[in-house]
Protein chains: 4
Amino acid sequence: MTQRPQLELQNEKFARNIVGARGDKGINAYLGIVVSEMDAVRCVASFDVTDELVTPIGNMHGGCLSVLVDHVLGVIMYPVMPPGYWAATTEFKINLLAPVDRGTCTATAEVISMSRRLAIVRVDVENEGRLVAVAQGTCTIVAPKGAS
Amino acid sequence: MTQRPQLELQNEKFARNIVGARGDKGINAYLGIVVSEMDAVRCVASFDVTDELVTPIGNMHGGCLSVLVDHVLGVIMYPVMPPGYWAATTEFKINLLAPVDRGTCTATAEVISMSRRLAIVRVDVENEGRLVAVAQGTCTIVAPKGAS
Amino acid sequence: MTQRPQLELQNEKFARNIVGARGDKGINAYLGIVVSEMDAVRCVASFDVTDELVTPIGNMHGGCLSVLVDHVLGVIMYPVMPPGYWAATTEFKINLLAPVDRGTCTATAEVISMSRRLAIVRVDVENEGRLVAVAQGTCTIVAPKGAS
Amino acid sequence: MTQRPQLELQNEKFARNIVGARGDKGINAYLGIVVSEMDAVRCVASFDVTDELVTPIGNMHGGCLSVLVDHVLGVIMYPVMPPGYWAATTEFKINLLAPVDRGTCTATAEVISMSRRLAIVRVDVENEGRLVAVAQGTCTIVAPKGAS
């Protein structure tokens with residue numbers, strides 16, 4: 001809504017390598033999360049709602065959406081930090097807006113604020129043309145030893 | 001970032017009356033919070049950082065920003081609900097980004113999602129051209145007795 | 001810390017059936033989440049950190065902890081609601097405190113507040129004797145049609 | 001619910017000086033917030049719901065409760081940090097549970113987790129024997145220059 005930080009791409013290799021890659025193991029691989037866009041402004045990632053993900057009650061477990069949110073929070077800072085820096089999800093808050101039972105879930109994340117130690121990120125998650133979750137989270141940034 | 005709900009103005013009188021009004025008592029009056037814009041899309045409210053608000057340490061108490069956030073959450077739903085409906089802040093999460101010691105604090109709020117029972121609102125707070133807080137909150141909507 | 005609501009067990013069958021059961025499909029089955037305790041006061045659920053869950057970087061994806069939190073939020077209200085009522089996770093906030101790479105993750109959840117429409121739940125997640133995540137969330141309660 | 005960090009009192013003077021003191025100016029002084037207990041385990045602070053705080057609608061503005069939460073988050077870390085360290089509220093999430101129109105609002109806060117850089121705090125706010133708000137927040141800890 002208001003001005004956003006002017007972030008520069010500092011690790012283009014990270015951004016280039018992650019786009020289109022799918023994990024071999026872990027919960028992101030189970031969901032099939034793939035990052036489709038990544039630059040200094042935003043990160044877009046998605047997964048398909050397969051039959052496996054729909055519980056006997058008929059809806060996808062809401063936890064799948066928080067995994068997607070945590071995943072984009074975990075990768076979004078790397079392109080805008082120099083190589084060697086490390087970032088981790090410290091906390092986030094998610095509102096779940098509607099049940100999901102088909103289609104693709106796509107998260108679009110944006111860095112709202114970034115200081116030397118912390119970054120704030122907002123995430124929208126869409127499914128079948130509707131907003132199904134929104135989140136706001138904090139990433140902790142850690143410089144490599146010896147960096148000023 | 002993504003599509004927003006199509007909300008219709010249902011209580012123009014509320015919106016017209018609140019713009020420019022300043023409370024007589026209570027914490028919003030103490031801060032001098034005034035709503036400057038209000039329609040079906042967004043609500044803008046602000047207060048000036050007077051000497052009274054700056055503590056001996058030299059900064060404004062961060063709590064002033066959460067009052068501003070709570071205030072816009074408390075009014076933003078009324079223009080988009082029929083007269084007689086009631087809305088209240090159920091919860092919110094706020095990130096405080098930078099200290100404040102002068103100027104004006106301005107919150108810009110947007111309804112991100114609205115169902116019959118709940119609405120989700122995002123808020124940006126600016127001061128001196130910088131983002132100083134961001135929030136995401138939930139309002140509970142209560143229909144008058146007898147409304148379907 | 002302070003007084004907690006006096007909740008009565010209203011659906012003992014739900015509590016009895018869920019304890020020890022493991023899902024057939026969906027993300028909770030993937031993680032192997034099992035509820036081990038469930039009464040009107042609290043819900044305890046856990047999963048083992050298998051090799052599959054540890055990513056190539058050497059840690060478990062933080063999203064696994066938010067699935068566990070979402071899962072206990074999704075079941076904890078059923079024993080204290082009459083049969084026919086429905087509850088859903090509306091939102092939660094999670095702080096991730098420490099990386100996880102082995103052992104068992106156990107969530108202990110407690111209903112802090114419950115009204116006719118909403119309940120507030122706090123969750124602690126432990127691993128290897130340490131607290132690794134804490135959360136606070138809101139469940140929406142929906143009465144069956146015709147219930148007063 | 002589970003184990004809590006073993007924190008040692010490192011700045012007894014801070015704790016001793018703040019108990020019973022009332023601010024001269026700023027929003028905490030407006031509300032009349034006074035810290036009544038402060039040690040390495042918890043912080044208790046309260047204010048009275050005066051006529052001034054009750055709005056024409058008949059309830060206290062919910063923002064008063066978030067000021068109280070922000071206030072305890074802002075002071076709770078000082079007794080458990082060596083003199084010279086600095087702590088600030090980075091973010092918090094608050095659930096508002098019930099309207100308030102009289103009596104005293106008392107926040108009881110507890111440090112749930114503390115690392116070198118961050119601490120997590122939970123807060124319960126009571127009024128007239130009921131829980132009226134619960135919060136979970138993060139404080140950033142900054143060591144003085146030269147501290148290891």
# chains A, B, ... in the order shown; residues from 1 in each chain; ligands from 1
>>> residues_around(residues="Cys43 (chain B)", least_positions_apart="5", cutoff="9 Å", atoms="only C-alpha atoms", output="PyMOL selection string")
chain B and resi 35-38+72+75-76+107-111
>>> write_last_selection(atoms="N, CA and C atoms", output="PDB file, in the first residue's frame")
ATOM      1  N   VAL B  35      -9.681  10.132  11.538  1.00  0.00           N
ATOM      2  CA  VAL B  35      -9.829   9.406  10.279  1.00  0.00           C
ATOM      3  C   VAL B  35      -9.928  10.436   9.151  1.00  0.00           C
ATOM      4  N   SER B  36      -9.061  10.305   8.148  1.00  0.00           N
ATOM      5  CA  SER B  36      -9.064  11.305   7.075  1.00  0.00           C
ATOM      6  C   SER B  36      -9.694  10.791   5.781  1.00  0.00           C
ATOM      7  N   GLU B  37      -9.739   9.475   5.605  1.00  0.00           N
ATOM      8  CA  GLU B  37     -10.368   8.900   4.408  1.00  0.00           C
ATOM      9  C   GLU B  37     -11.080   7.637   4.826  1.00  0.00           C
ATOM     10  N   MET B  38     -12.233   7.392   4.253  1.00  0.00           N
ATOM     11  CA  MET B  38     -12.947   6.168   4.566  1.00  0.00           C
ATOM     12  C   MET B  38     -13.930   5.852   3.453  1.00  0.00           C
ATOM     13  N   VAL B  72      -8.261   1.695  13.672  1.00  0.00           N
ATOM     14  CA  VAL B  72      -8.736   1.522  12.290  1.00  0.00           C
ATOM     15  C   VAL B  72      -9.436   0.168  12.123  1.00  0.00           C
ATOM     16  N   VAL B  75     -13.081   0.585  13.165  1.00  0.00           N
ATOM     17  CA  VAL B  75     -14.030   1.386  12.376  1.00  0.00           C
ATOM     18  C   VAL B  75     -14.163   0.946  10.922  1.00  0.00           C
ATOM     19  N   ILE B  76     -13.162   0.256  10.390  1.00  0.00           N
ATOM     20  CA  ILE B  76     -13.096   0.035   8.941  1.00  0.00           C
ATOM     21  C   ILE B  76     -14.267  -0.772   8.385  1.00  0.00           C
ATOM     22  N   ALA B 107      -1.939   5.577   9.489  1.00  0.00           N
ATOM     23  CA  ALA B 107      -2.272   4.186   9.187  1.00  0.00           C
ATOM     24  C   ALA B 107      -3.155   4.127   7.954  1.00  0.00           C
ATOM     25  N   THR B 108      -2.816   3.236   7.047  1.00  0.00           N
ATOM     26  CA  THR B 108      -3.651   2.966   5.876  1.00  0.00           C
ATOM     27  C   THR B 108      -4.078   1.505   5.962  1.00  0.00           C
ATOM     28  N   ALA B 109      -5.384   1.292   6.046  1.00  0.00           N
ATOM     29  CA  ALA B 109      -5.899  -0.060   6.243  1.00  0.00           C
ATOM     30  C   ALA B 109      -6.739  -0.479   5.047  1.00  0.00           C
ATOM     31  N   GLU B 110      -6.721  -1.771   4.779  1.00  0.00           N
ATOM     32  CA  GLU B 110      -7.423  -2.328   3.628  1.00  0.00           C
ATOM     33  C   GLU B 110      -8.092  -3.635   4.056  1.00  0.00           C
ATOM     34  N   VAL B 111      -9.350  -3.803   3.682  1.00  0.00           N
ATOM     35  CA  VAL B 111     -10.034  -5.067   3.943  1.00  0.00           C
ATOM     36  C   VAL B 111      -9.577  -6.077   2.891  1.00  0.00           C
TER      37      VAL B 111
END
>>> interface_residues(of="chain A", to="chain C", cutoff="10 Å", atoms="only C-alpha atoms", output="count of residues only")
48
>>> closest_atom_pairs(of="region 42-134 of chain B", to="region 4-10 of chain B", cutoff="8 Å", atoms="only C-alpha atoms", output="CSV")
residue,atom,partner,partner_atom,distance
B:Pro79,CA,B:Leu9,CA,5.6
B:Val80,CA,B:Leu9,CA,5.0
B:Met81,CA,B:Gln10,CA,5.6
B:Pro82,CA,B:Gln10,CA,5.2
B:Pro83,CA,B:Gln10,CA,7.5
B:Val111,CA,B:Pro5,CA,7.7
B:Ile112,CA,B:Arg4,CA,5.8
B:Ser113,CA,B:Pro5,CA,6.0
B:Met114,CA,B:Pro5,CA,7.1
>>> write_last_selection(atoms="C-alpha atoms", output="short mmCIF file (atom, residue, chain, number, x, y, z; two decimals), in the first residue's frame")
data_model
loop_
_atom_site.label_atom_id
_atom_site.label_comp_id
_atom_site.auth_asym_id
_atom_site.auth_seq_id
_atom_site.Cartn_x
_atom_site.Cartn_y
_atom_site.Cartn_z
CA PRO B 79 -19.10 1.45 5.86
CA VAL B 80 -19.29 -2.00 4.24
CA MET B 81 -21.91 -3.45 6.61
CA PRO B 82 -25.61 -2.57 6.60
CA PRO B 83 -26.66 -0.22 9.43
CA VAL B 111 -10.03 -5.07 3.94
CA ILE B 112 -8.37 -8.17 2.48
CA SER B 113 -11.20 -10.63 2.97
CA MET B 114 -14.77 -10.45 4.25
#
